[in-house]
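Following: one structure in structure tokens, then a few remarks.
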Amino acid sequence: MEFRFASRMTQVKSSVVRDILKLTQGSDIVSFAGGLPAEELFPVQAVREAADRAISAGASALQYGLTEGYLPLREQLCIRMAQKGMNVTPEEMIITTGSQQAISLLVQVLTEPGDTVLVERPTYLACLQVFELHGLKVIAAESDEHGMIPEDVERLVRQHKPKFMYAVPTFGNPTGNVWSLERRQQLLQICVSHQVPIIEDDPYGELKYEEKATYPTLFALDQQLGSGGVIYTSTFSKTVAPALRTGWAIGDVRVIKMLAKAKQAADLQSSTMDQQILSQLLAHFPLDDHIRVISESYGERMREMQNLIKAQNIEGLHWIEPKGGMFLWVELPRGLDAEVLLRAAVSKGVAFVPGSAFYAYDPKRNTARLNFTHNKGVRTVLGVERLAEAIREFTARS
């Protein structure tokens, strides 16, 4: 049988992260590639007890449910969102199969093939895959450690009139940067004045290393303006466990209703079982205390990796210390191509993600994303030593 695949699939590149993960499975390679949480910090016993309670409550946990999601879970999430200054009702929320599905559904309901969307440079590579799949033109605004550059965003918005702006303003993937309050307000004002909706992706926002630090979401700031132009997405993947595949989106009721229509065509609903487990977990488990433990551990692992890299004294290596999240964004010595370096690094037993994967176009080839949350101690020491060895070999040749 000869299969004639859809032409749009020719535009979609395979995920570099997923390809590297396959490469490192079952091997002795130290992987700094995937955005993997620390498995030893998963609340295994609490999830087991929550699952027991969900099943014990009756057979409804095994039944079909609402496309919009399990109502008690949405009500619990509304309470959690209010703690972050986002006041919403269950009608303004939909449960999705991870926040990745929320992004995909939003693209389906907000765009047509050929439309333009605005992103940060660099940005989350899986969102670029979604945009490619739907035949969208991607424009990228320059950014620094404080966020997207307002003047560049203004220029691109005026020139291209994008259908929406996609942003990860708090501990972004891949940079780990957190936008300043001033930048958030400036960029929100630009989008509001030009009627450009914002998709705010916030999978890492609760993983902050300074407990008292506050980073208001674009959604919360927008509610103060009353524009209703921000759609917010998040997930339990980084705070509980990725395997539960449960995220959510909140926004204008009209948007949520459209998302529900698209979700009906995609998968009818997200897992009722997973949603009821999470609802039981939120009712009986101190999730905020757990998130604090995770954040403190990740902060320690970030500092460990950072200090190990500093100790290698590699000339021309630069990065900005993240204040939260899961990634260290590294600028390699000038002229060093990270994709070529990866092949040498893997042969020495360490993997990372070349930075070029996070650019819509014209990538900075001497950049790399390192994950520090999945390893610690001896594994991190070994991985950094192997990476440093590969870098020194390349710089010596050049």
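Ordering of the structure tokens sets the chain letters (A, B, ...); residue numbers start at 1 within each chain; ligands are numbered from 1 in the order shown.
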
Can you pull out every residue from stretch 104-324 of chain A that DSSP, working from the backbone, puts in strand (DSSP E), and format the result as a ChimeraX atom specification? /A:116-121,137-144,147-148,165-167,198-201,230-235,247-250,318-319

Stretch 272-280 of chain A surroundings by only C-alpha atoms, 8 Å radius, close-in-sequence under 2 positions cut, as a PyMOL selection string: chain A and resi 47+50-51+53-54+61-65+69-70+72-73+76+244-246+269-270+282-284

Using only C-alpha atoms, pick whichever of A:Glu385, A:Ile79, A:Leu281, A:Pro363 has the shortest atom-to-atom distance to A:Glu49.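 Using only C-alpha atoms, the shortest distance to A:Glu49 belongs to A:Leu281.
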
I need the residues of stretch 162-262 of chain A that end up classed as alpha helix (DSSP H) by DSSP on the backbone, written out as a PyMOL selection string. chain A and resi 181-193+218-225+253-262

List as a tab-separated table every residue of stretch 179-283 of chain A that is in contact with stretch 165-171 of chain A, defined as an atom at most 7 Å from one of its atoms (using only C-alpha atoms), together with the nearest atom pair and the distance in Å rounded to one decimal, sorted by chain and then rising number.
residue	atom	partner	partner_atom	distance
A:Trp179	CA	A:Pro169	CA	5.3
A:Val196	CA	A:Met165	CA	6.8
A:Pro197	CA	A:Met165	CA	6.3
A:Ile198	CA	A:Met165	CA	4.7
A:Ile199	CA	A:Tyr166	CA	4.8
A:Glu200	CA	A:Ala167	CA	5.2
A:Asp201	CA	A:Val168	CA	5.0
A:Asp202	CA	A:Val168	CA	6.0
A:Tyr204	CA	A:Phe171	CA	6.2
A:Gly205	CA	A:Thr170	CA	5.4

Export, as a PDB file, in the first residue's frame, the selected residues with all heavy atoms.
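Result went into result20.pdb, see below:
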ATOM      1  N   TRP A 179      10.105  37.652  32.489  1.00  0.00           N
ATOM      2  CA  TRP A 179       9.872  39.029  32.061  1.00  0.00           C
ATOM      3  C   TRP A 179       9.703  39.938  33.281  1.00  0.00           C
ATOM      4  O   TRP A 179       9.074  39.573  34.269  1.00  0.00           O
ATOM      5  CB  TRP A 179       8.608  39.120  31.220  1.00  0.00           C
ATOM      6  CG  TRP A 179       8.651  38.422  29.899  1.00  0.00           C
ATOM      7  CD1 TRP A 179       9.622  37.571  29.435  1.00  0.00           C
ATOM      8  CD2 TRP A 179       7.664  38.503  28.866  1.00  0.00           C
ATOM      9  NE1 TRP A 179       9.295  37.119  28.185  1.00  0.00           N
ATOM     10  CE2 TRP A 179       8.092  37.671  27.811  1.00  0.00           C
ATOM     11  CE3 TRP A 179       6.455  39.182  28.739  1.00  0.00           C
ATOM     12  CZ2 TRP A 179       7.358  37.522  26.635  1.00  0.00           C
ATOM     13  CZ3 TRP A 179       5.724  39.031  27.574  1.00  0.00           C
ATOM     14  CH2 TRP A 179       6.171  38.217  26.531  1.00  0.00           C
ATOM     15  N   VAL A 196      -4.464  42.366  19.364  1.00  0.00           N
ATOM     16  CA  VAL A 196      -3.759  41.094  19.136  1.00  0.00           C
ATOM     17  C   VAL A 196      -3.901  40.233  20.393  1.00  0.00           C
ATOM     18  O   VAL A 196      -3.353  40.576  21.447  1.00  0.00           O
ATOM     19  CB  VAL A 196      -2.259  41.328  18.828  1.00  0.00           C
ATOM     20  CG1 VAL A 196      -1.529  39.994  18.681  1.00  0.00           C
ATOM     21  CG2 VAL A 196      -2.092  42.176  17.583  1.00  0.00           C
ATOM     22  N   PRO A 197      -4.640  39.138  20.343  1.00  0.00           N
ATOM     23  CA  PRO A 197      -4.747  38.258  21.517  1.00  0.00           C
ATOM     24  C   PRO A 197      -3.378  37.682  21.898  1.00  0.00           C
ATOM     25  O   PRO A 197      -2.473  37.587  21.053  1.00  0.00           O
ATOM     26  CB  PRO A 197      -5.685  37.145  21.046  1.00  0.00           C
ATOM     27  CG  PRO A 197      -6.374  37.689  19.838  1.00  0.00           C
ATOM     28  CD  PRO A 197      -5.413  38.631  19.197  1.00  0.00           C
ATOM     29  N   ILE A 198      -3.249  37.298  23.143  1.00  0.00           N
ATOM     30  CA  ILE A 198      -2.016  36.685  23.651  1.00  0.00           C
ATOM     31  C   ILE A 198      -2.321  35.301  24.190  1.00  0.00           C
ATOM     32  O   ILE A 198      -3.258  35.133  24.982  1.00  0.00           O
ATOM     33  CB  ILE A 198      -1.382  37.535  24.775  1.00  0.00           C
ATOM     34  CG1 ILE A 198      -1.013  38.929  24.269  1.00  0.00           C
ATOM     35  CG2 ILE A 198      -0.143  36.825  25.343  1.00  0.00           C
ATOM     36  CD1 ILE A 198      -0.541  39.869  25.380  1.00  0.00           C
ATOM     37  N   ILE A 199      -1.560  34.307  23.750  1.00  0.00           N
ATOM     38  CA  ILE A 199      -1.596  32.990  24.386  1.00  0.00           C
ATOM     39  C   ILE A 199      -0.449  32.965  25.379  1.00  0.00           C
ATOM     40  O   ILE A 199       0.731  32.989  24.996  1.00  0.00           O
ATOM     41  CB  ILE A 199      -1.454  31.850  23.364  1.00  0.00           C
ATOM     42  CG1 ILE A 199      -2.631  31.847  22.397  1.00  0.00           C
ATOM     43  CG2 ILE A 199      -1.347  30.506  24.087  1.00  0.00           C
ATOM     44  CD1 ILE A 199      -2.533  30.800  21.296  1.00  0.00           C
ATOM     45  N   GLU A 200      -0.783  32.948  26.662  1.00  0.00           N
ATOM     46  CA  GLU A 200       0.227  32.929  27.719  1.00  0.00           C
ATOM     47  C   GLU A 200       0.397  31.494  28.208  1.00  0.00           C
ATOM     48  O   GLU A 200      -0.500  30.919  28.823  1.00  0.00           O
ATOM     49  CB  GLU A 200      -0.184  33.833  28.880  1.00  0.00           C
ATOM     50  CG  GLU A 200       0.814  33.818  30.023  1.00  0.00           C
ATOM     51  CD  GLU A 200       0.404  34.695  31.204  1.00  0.00           C
ATOM     52  OE1 GLU A 200      -0.781  35.101  31.262  1.00  0.00           O
ATOM     53  OE2 GLU A 200       1.256  34.964  32.065  1.00  0.00           O
ATOM     54  N   ASP A 201       1.541  30.910  27.932  1.00  0.00           N
ATOM     55  CA  ASP A 201       1.844  29.531  28.310  1.00  0.00           C
ATOM     56  C   ASP A 201       2.642  29.568  29.611  1.00  0.00           C
ATOM     57  O   ASP A 201       3.708  30.195  29.671  1.00  0.00           O
ATOM     58  CB  ASP A 201       2.646  28.874  27.183  1.00  0.00           C
ATOM     59  CG  ASP A 201       2.659  27.359  27.280  1.00  0.00           C
ATOM     60  OD1 ASP A 201       1.908  26.807  28.100  1.00  0.00           O
ATOM     61  OD2 ASP A 201       3.419  26.725  26.521  1.00  0.00           O
ATOM     62  N   ASP A 202       2.151  28.912  30.648  1.00  0.00           N
ATOM     63  CA  ASP A 202       2.775  29.038  31.970  1.00  0.00           C
ATOM     64  C   ASP A 202       2.973  27.682  32.652  1.00  0.00           C
ATOM     65  O   ASP A 202       2.437  27.428  33.728  1.00  0.00           O
ATOM     66  CB  ASP A 202       1.909  29.950  32.854  1.00  0.00           C
ATOM     67  CG  ASP A 202       2.571  30.300  34.175  1.00  0.00           C
ATOM     68  OD1 ASP A 202       3.819  30.330  34.234  1.00  0.00           O
ATOM     69  OD2 ASP A 202       1.839  30.525  35.160  1.00  0.00           O
ATOM     70  N   TYR A 204       5.804  26.579  33.923  1.00  0.00           N
ATOM     71  CA  TYR A 204       6.902  26.599  34.899  1.00  0.00           C
ATOM     72  C   TYR A 204       6.736  27.653  35.982  1.00  0.00           C
ATOM     73  O   TYR A 204       7.558  27.743  36.889  1.00  0.00           O
ATOM     74  CB  TYR A 204       8.242  26.875  34.185  1.00  0.00           C
ATOM     75  CG  TYR A 204       8.467  26.028  32.972  1.00  0.00           C
ATOM     76  CD1 TYR A 204       8.260  26.546  31.690  1.00  0.00           C
ATOM     77  CD2 TYR A 204       8.858  24.704  33.084  1.00  0.00           C
ATOM     78  CE1 TYR A 204       8.447  25.768  30.558  1.00  0.00           C
ATOM     79  CE2 TYR A 204       9.039  23.909  31.959  1.00  0.00           C
ATOM     80  CZ  TYR A 204       8.834  24.454  30.697  1.00  0.00           C
ATOM     81  OH  TYR A 204       9.003  23.669  29.582  1.00  0.00           O
ATOM     82  N   GLY A 205       5.678  28.461  35.897  1.00  0.00           N
ATOM     83  CA  GLY A 205       5.557  29.646  36.744  1.00  0.00           C
ATOM     84  C   GLY A 205       5.633  29.395  38.234  1.00  0.00           C
ATOM     85  O   GLY A 205       6.066  30.269  38.988  1.00  0.00           O
TER      86      GLY A 205
END

Got a sec: who's within 12 Å of A:Gly85, counting only C-alpha atoms, leaving out chain neighbours fewer than 2 positions off, as a VMD selection string? chain A and resid 78 to 83 87 to 88 214 to 224

May I have the selected residues written with all heavy atoms, as a compact mmCIF listing (two decimals), in the first residue's frame?
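Generated output (again03.txt):
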# COMPACT_ATOMS: atom_id res chain seq x y z
N CYS A 78 -10.09 27.02 39.82
CA CYS A 78 -10.50 28.43 39.92
C CYS A 78 -10.00 29.04 41.22
O CYS A 78 -9.56 30.20 41.25
CB CYS A 78 -12.02 28.56 39.82
SG CYS A 78 -12.68 28.32 38.16
N ILE A 79 -10.05 28.26 42.31
CA ILE A 79 -9.55 28.74 43.60
C ILE A 79 -8.05 28.97 43.54
O ILE A 79 -7.53 29.99 44.00
CB ILE A 79 -9.91 27.74 44.72
CG1 ILE A 79 -11.43 27.68 44.90
CG2 ILE A 79 -9.22 28.11 46.03
CD1 ILE A 79 -11.89 26.56 45.81
N ARG A 80 -7.32 28.02 42.90
CA ARG A 80 -5.87 28.17 42.77
C ARG A 80 -5.53 29.37 41.89
O ARG A 80 -4.57 30.10 42.17
CB ARG A 80 -5.24 26.89 42.19
CG ARG A 80 -5.26 25.71 43.14
CD ARG A 80 -4.43 24.55 42.61
NE ARG A 80 -3.02 24.86 42.51
CZ ARG A 80 -2.18 24.85 43.53
NH1 ARG A 80 -2.60 24.55 44.75
NH2 ARG A 80 -0.91 25.14 43.34
N MET A 81 -6.27 29.57 40.83
CA MET A 81 -6.01 30.71 39.95
C MET A 81 -6.25 32.03 40.67
O MET A 81 -5.52 33.00 40.46
CB MET A 81 -6.89 30.62 38.69
CG MET A 81 -6.59 29.44 37.77
SD MET A 81 -4.91 29.41 37.10
CE MET A 81 -4.06 28.35 38.28
N ALA A 82 -7.27 32.08 41.53
CA ALA A 82 -7.58 33.30 42.28
C ALA A 82 -6.41 33.68 43.18
O ALA A 82 -6.14 34.87 43.40
CB ALA A 82 -8.85 33.11 43.11
N GLN A 83 -5.68 32.68 43.68
CA GLN A 83 -4.51 32.94 44.52
C GLN A 83 -3.39 33.63 43.73
O GLN A 83 -2.49 34.25 44.30
CB GLN A 83 -4.00 31.64 45.12
CG GLN A 83 -4.95 31.01 46.13
CD GLN A 83 -4.58 29.58 46.50
OE1 GLN A 83 -3.61 29.01 45.98
NE2 GLN A 83 -5.34 28.99 47.40
N ASN A 87 -9.17 35.79 38.43
CA ASN A 87 -10.50 35.48 38.93
C ASN A 87 -11.37 34.99 37.78
O ASN A 87 -11.78 35.77 36.92
CB ASN A 87 -11.10 36.72 39.58
CG ASN A 87 -10.28 37.17 40.78
OD1 ASN A 87 -10.10 36.42 41.74
ND2 ASN A 87 -9.74 38.38 40.72
N VAL A 88 -11.62 33.67 37.77
CA VAL A 88 -12.37 33.05 36.68
C VAL A 88 -13.40 32.08 37.25
O VAL A 88 -13.32 31.66 38.40
CB VAL A 88 -11.45 32.30 35.69
CG1 VAL A 88 -10.55 33.27 34.96
CG2 VAL A 88 -10.62 31.24 36.41
N THR A 214 7.28 37.47 43.32
CA THR A 214 5.97 37.48 42.66
C THR A 214 6.12 37.89 41.20
O THR A 214 6.82 38.84 40.89
CB THR A 214 4.99 38.44 43.37
OG1 THR A 214 5.57 39.76 43.40
CG2 THR A 214 4.71 37.98 44.79
N TYR A 215 5.46 37.14 40.34
CA TYR A 215 5.49 37.40 38.91
C TYR A 215 4.06 37.37 38.39
O TYR A 215 3.55 36.30 38.05
CB TYR A 215 6.35 36.35 38.19
CG TYR A 215 7.74 36.20 38.77
CD1 TYR A 215 8.08 35.06 39.52
CD2 TYR A 215 8.70 37.19 38.60
CE1 TYR A 215 9.34 34.91 40.05
CE2 TYR A 215 9.97 37.05 39.14
CZ TYR A 215 10.29 35.91 39.87
OH TYR A 215 11.54 35.77 40.40
N PRO A 216 3.37 38.50 38.36
CA PRO A 216 1.97 38.50 37.94
C PRO A 216 1.82 38.01 36.50
O PRO A 216 2.61 38.37 35.62
CB PRO A 216 1.56 39.97 38.06
CG PRO A 216 2.83 40.74 38.01
CD PRO A 216 3.86 39.87 38.63
N THR A 217 0.83 37.17 36.27
CA THR A 217 0.61 36.66 34.92
C THR A 217 0.08 37.78 34.02
O THR A 217 -0.51 38.76 34.49
CB THR A 217 -0.40 35.50 34.92
OG1 THR A 217 -1.68 36.00 35.33
CG2 THR A 217 0.05 34.39 35.85
N LEU A 218 0.29 37.60 32.73
CA LEU A 218 -0.29 38.55 31.77
C LEU A 218 -1.81 38.53 31.88
O LEU A 218 -2.47 39.56 31.71
CB LEU A 218 0.14 38.18 30.34
CG LEU A 218 1.64 38.23 30.05
CD1 LEU A 218 1.90 37.75 28.61
CD2 LEU A 218 2.20 39.62 30.26
N PHE A 219 -2.37 37.36 32.17
CA PHE A 219 -3.83 37.22 32.31
C PHE A 219 -4.33 38.11 33.44
O PHE A 219 -5.34 38.81 33.30
CB PHE A 219 -4.19 35.76 32.55
CG PHE A 219 -5.68 35.50 32.53
CD1 PHE A 219 -6.29 35.03 31.37
CD2 PHE A 219 -6.46 35.71 33.66
CE1 PHE A 219 -7.67 34.79 31.34
CE2 PHE A 219 -7.83 35.47 33.64
CZ PHE A 219 -8.44 35.01 32.47
N ALA A 220 -3.64 38.06 34.60
CA ALA A 220 -4.05 38.87 35.75
C ALA A 220 -3.93 40.36 35.43
O ALA A 220 -4.82 41.15 35.78
CB ALA A 220 -3.20 38.51 36.96
N LEU A 221 -2.85 40.76 34.79
CA LEU A 221 -2.67 42.16 34.42
C LEU A 221 -3.72 42.61 33.42
O LEU A 221 -4.23 43.74 33.48
CB LEU A 221 -1.26 42.38 33.84
CG LEU A 221 -0.09 42.16 34.81
CD1 LEU A 221 1.23 42.21 34.05
CD2 LEU A 221 -0.11 43.20 35.93
N ASP A 222 -4.07 41.70 32.51
CA ASP A 222 -5.08 42.02 31.51
C ASP A 222 -6.45 42.16 32.15
O ASP A 222 -7.27 42.99 31.71
CB ASP A 222 -5.10 40.94 30.43
CG ASP A 222 -6.06 41.26 29.31
OD1 ASP A 222 -5.89 42.30 28.66
OD2 ASP A 222 -7.01 40.47 29.10
N GLN A 223 -6.73 41.36 33.17
CA GLN A 223 -8.03 41.50 33.86
C GLN A 223 -8.17 42.88 34.49
O GLN A 223 -9.28 43.44 34.53
CB GLN A 223 -8.18 40.42 34.92
CG GLN A 223 -8.63 39.08 34.36
CD GLN A 223 -9.18 38.15 35.43
OE1 GLN A 223 -8.64 38.05 36.54
NE2 GLN A 223 -10.25 37.44 35.11
N GLN A 224 -7.06 43.45 34.93
CA GLN A 224 -7.10 44.80 35.48
C GLN A 224 -7.46 45.83 34.41
O GLN A 224 -8.12 46.83 34.68
CB GLN A 224 -5.75 45.15 36.11
CG GLN A 224 -5.39 44.30 37.32
CD GLN A 224 -3.97 44.52 37.81
OE1 GLN A 224 -3.34 45.52 37.48
NE2 GLN A 224 -3.46 43.59 38.60

Top pick for closest residue to A:Leu207, considering A:Gly325, A:Gly377, A:Pro90, A:Gly228 and counting only C-alpha atoms: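 Nearest candidate to A:Leu207 out of A:Gly325, A:Gly377, A:Pro90, A:Gly228: A:Gly325.
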
Residue nearest A:Trp319 - candidates A:Ala241, A:Ile94, A:Met305, A:Arg8, atoms counted: only C-alpha atoms: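 Under the stated criterion, the closest residue is A:Met305.
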
Contact check, stretch 159-249 of chain A to stretch 254-265 of chain A, at most 12 Å, counting only C-alpha atoms, closest pairs as CSV:
residue,atom,partner,partner_atom,distance
A:Pro197,CA,A:Val255,CA,11.0
A:Ile199,CA,A:Val255,CA,11.6
A:Gly228,CA,A:Val255,CA,10.3
A:Gly229,CA,A:Val255,CA,10.1
A:Val230,CA,A:Val255,CA,10.3
A:Ile231,CA,A:Val255,CA,8.3
A:Tyr232,CA,A:Ile256,CA,11.0
A:Thr233,CA,A:Ile256,CA,11.7
A:Trp248,CA,A:Ile256,CA,10.5
A:Ala249,CA,A:Ile256,CA,7.8

If we count only C-alpha atoms, what is near A:Glu151 at a cut-off of 10 Å, once residues fewer than 2 positions away on the same chain are taken out, given as a PyMOL selection string? chain A and resi 141-142+148-149+153-157+186-187+190

Any chance you could export the current selection's N, CA and C atoms as a PDB file, in the first residue's frame?
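Contents of result_9.pdb, as written:
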ATOM      1  N   ALA A 141      10.090  38.214  17.552  1.00  0.00           N
ATOM      2  CA  ALA A 141      10.606  39.474  18.088  1.00  0.00           C
ATOM      3  C   ALA A 141      11.840  39.212  18.933  1.00  0.00           C
ATOM      4  N   GLU A 142      12.797  40.106  18.835  1.00  0.00           N
ATOM      5  CA  GLU A 142      14.014  39.991  19.642  1.00  0.00           C
ATOM      6  C   GLU A 142      13.675  40.116  21.120  1.00  0.00           C
ATOM      7  N   MET A 148      10.508  40.198  25.775  1.00  0.00           N
ATOM      8  CA  MET A 148      10.492  40.653  24.390  1.00  0.00           C
ATOM      9  C   MET A 148      10.734  42.167  24.338  1.00  0.00           C
ATOM     10  N   ILE A 149      11.434  42.609  23.303  1.00  0.00           N
ATOM     11  CA  ILE A 149      11.740  44.033  23.160  1.00  0.00           C
ATOM     12  C   ILE A 149      10.492  44.754  22.647  1.00  0.00           C
ATOM     13  N   VAL A 153       8.423  44.380  18.994  1.00  0.00           N
ATOM     14  CA  VAL A 153       7.057  43.842  18.957  1.00  0.00           C
ATOM     15  C   VAL A 153       6.121  44.834  18.275  1.00  0.00           C
ATOM     16  N   GLU A 154       6.234  46.095  18.636  1.00  0.00           N
ATOM     17  CA  GLU A 154       5.394  47.128  18.030  1.00  0.00           C
ATOM     18  C   GLU A 154       5.597  47.179  16.520  1.00  0.00           C
ATOM     19  N   ARG A 155       6.850  47.123  16.093  1.00  0.00           N
ATOM     20  CA  ARG A 155       7.172  47.170  14.662  1.00  0.00           C
ATOM     21  C   ARG A 155       6.558  45.979  13.924  1.00  0.00           C
ATOM     22  N   LEU A 156       6.729  44.788  14.484  1.00  0.00           N
ATOM     23  CA  LEU A 156       6.228  43.578  13.830  1.00  0.00           C
ATOM     24  C   LEU A 156       4.701  43.529  13.825  1.00  0.00           C
ATOM     25  N   VAL A 157       4.094  43.983  14.901  1.00  0.00           N
ATOM     26  CA  VAL A 157       2.626  43.994  14.966  1.00  0.00           C
ATOM     27  C   VAL A 157       2.059  44.935  13.914  1.00  0.00           C
ATOM     28  N   GLN A 186       4.148  46.760  29.262  1.00  0.00           N
ATOM     29  CA  GLN A 186       4.365  47.391  27.955  1.00  0.00           C
ATOM     30  C   GLN A 186       3.856  46.505  26.821  1.00  0.00           C
ATOM     31  N   LEU A 187       4.209  45.228  26.873  1.00  0.00           N
ATOM     32  CA  LEU A 187       3.839  44.310  25.798  1.00  0.00           C
ATOM     33  C   LEU A 187       2.332  44.044  25.788  1.00  0.00           C
ATOM     34  N   ILE A 190       0.686  47.037  24.136  1.00  0.00           N
ATOM     35  CA  ILE A 190       0.847  47.016  22.673  1.00  0.00           C
ATOM     36  C   ILE A 190      -0.194  46.086  22.050  1.00  0.00           C
TER      37      ILE A 190
END

Give me the residues within 9 Å of A:Val107 as an MDAnalysis selection string, counting only C-alpha atoms and dropping any in the same chain fewer than 3 places off. chainID A and resid 102:104 110:112 130:131 134

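Shortest separation to A:Ala357 among A:Leu118, A:Leu106, A:Ala46, A:Ala33 occurs at residue A:Ala33, atoms counted being only C-alpha atoms.
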